[in-house]
Amino acid sequence: MTRNAERPTLEQVASLAGTSRATASRVVNGSPRVSPEARAAVERAIDALGYAPNRAARSLVTRRSDSIGLIVTESEERVFGEPFFATLVRGVSDALAGTETHLVLVLNRSDQEHSRVRRFLSAHVDGVLLISAHADEPLLAQLAADPLPAVLAGRPLQPTSLPYVDVDNAHGAYVAVRHLVERGRSRIATIAGPQDMAPGIDRLEGYRRAVADVVGTASSLVAFGDFSTASGERGTEELLERHPDIDAIFAASDLMAVGALQALQRRGRRVPEDIAVVGFDDSVVAATTHPQLTTVHQPVGDLGRLMVQRLCAALDGSSPVPRATVLPTHLVVRDSS
């Protein structure tokens, strides 16, 4: 038996539904120019026959691939090892559940891959979600000049008109430091994130503003990391060498806070008795540390879902897409502070 004989055809759908092939085709392609009765008849025939449209042929008609690209400008180790990315991808996937749109994950890990990614995008997806863009990300300029719709995760550091969805990083950091002051801490240090990304910049700005407003001093005790556990360990060691009298650490990610806890344990510093620790993310690791981690909750899953909504609105022109959407954060208090 041939492959075509095994697979139900659009002609068979039309025959069973009692409609023309053109009407059946309009139903399959989502055209509104079909009566409710005809649409119902075609949909019943599709279910009865188990018909699945030929996506390649359909794309020639609709000029759509029914796919969106999720581009992450980080290494495989970070993408598959850090809770932030897993939660965001889950949010994106949830938003696409029940639709016919496929998600294509693209890792843009180096400048050498940039041209390959550009060619892939232009040929294979209808729109783009860009995650974890750094200040020198060349794809930002390409996407801004391309008719391909795109939505960014996080405030872009390059001038661009592309819409983005972010969380209130600065306010979250401010609240974290204020909490530490309310717990009686006065020598509050921070392990800041990378300064070529908006979350790293904004969380440091929130920390510094809180130190000035709440602690009442312009001085700040800062080490820098890259959101990883190892950089949290290094940052804590650096802070303790330079400022052995610190009594609190605000880490700009949960993983850096985990590194801080590990370094403090090696040094014999008790948490929270000697030094309180607060993270940022409220990831799955926050409730598994010892002591459990006080942290700033950011709604990463909601961020992913809202990015998809914004992109779908841009694709179908159903509503204006706002330039910036900023989601609130809040503090989750646990044992480490």
# chains A, B, ... in the order shown; residues from 1 in each chain; ligands from 1
$ select_by_dssp --residues "region 143-331 of chain A" --states "strand (DSSP E or B)" --output "PyMOL selection string"
chain A and resi 150-153+164-167+188-192+221-224+248-251+276-281+294-297+324-327+330-331
$ residues_around --residues "Ala198 (chain A)" --least-positions-apart "6" --cutoff "8 Å" --atoms "only C-alpha atoms" --output "list in words"
Gly154, Arg155, Pro156 and Leu157 of chain A
$ write_last_selection --atoms "C-alpha atoms" --output "PDB file, in the first residue's frame"
ATOM      1  CA  GLY A 154      14.293  41.610  29.692  1.00  0.00           C
ATOM      2  CA  ARG A 155      14.955  45.280  29.059  1.00  0.00           C
ATOM      3  CA  PRO A 156      17.317  45.626  26.080  1.00  0.00           C
ATOM      4  CA  LEU A 157      20.505  47.607  26.611  1.00  0.00           C
TER       5      LEU A 157
END
$ closest_residue --among "A:Val34, A:Val89, A:Ala263, A:Met256" --to "Gly279 (chain A)" --atoms "only C-alpha atoms"
A:Met256
$ select_by_dssp --residues "region 104-310 of chain A" --states "alpha helix (DSSP H)" --output "JSON, numbers by chain"
{"A": [114, 115, 116, 117, 118, 119, 120, 121, 122, 123, 124, 138, 139, 140, 141, 142, 143, 144, 145, 169, 170, 171, 172, 173, 174, 175, 176, 177, 178, 179, 180, 181, 182, 198, 199, 200, 201, 202, 203, 204, 205, 206, 207, 208, 209, 210, 229, 230, 231, 232, 233, 234, 235, 236, 237, 238, 239, 240, 241, 242, 254, 255, 256, 257, 258, 259, 260, 261, 262, 263, 264, 265, 266, 300, 301, 302, 303, 304, 305, 306, 307, 308, 309, 310]}
$ closest_residue --among "A:Asp66, A:Asp202, A:Asp47, A:Asp282" --to "Leu331 (chain A)" --atoms "only C-alpha atoms"
A:Asp282
$ closest_residue --among "A:Pro159, A:Pro83, A:Val215, A:Leu148" --to "Val177 (chain A)" --atoms "only C-alpha atoms"
A:Val215
$ residues_around --residues "Arg242 (chain A)" --least-positions-apart "4" --cutoff "12 Å" --atoms "only C-alpha atoms" --output "PyMOL selection string"
chain A and resi 189+221-223+235-238+246
$ atom_distance --atom1 "CA of Arg270 (chain A)" --atom2 "CA of Ala287 (chain A)"
18.0 Å
$ atom_distance --atom1 "CA of Asp226 (chain A)" --atom2 "CA of Asp302 (chain A)"
23.6 Å
$ closest_atom_pairs --of "region 224-336 of chain A" --to "region 130-143 of chain A" --cutoff "12 Å" --atoms "only C-alpha atoms" --output "Markdown table"
| residue | atom | partner | partner_atom | distance |
| --- | --- | --- | --- | --- |
| A:Asp226 | CA | A:His134 | CA | 11.9 |
| A:Phe227 | CA | A:Ser132 | CA | 11.9 |
| A:Val300 | CA | A:Ile131 | CA | 11.7 |
| A:Leu303 | CA | A:Ile131 | CA | 10.9 |
| A:Gly304 | CA | A:Ile131 | CA | 9.7 |
| A:Met307 | CA | A:Leu130 | CA | 9.6 |
| A:Val308 | CA | A:Leu130 | CA | 11.1 |
| A:Leu311 | CA | A:Leu130 | CA | 11.0 |
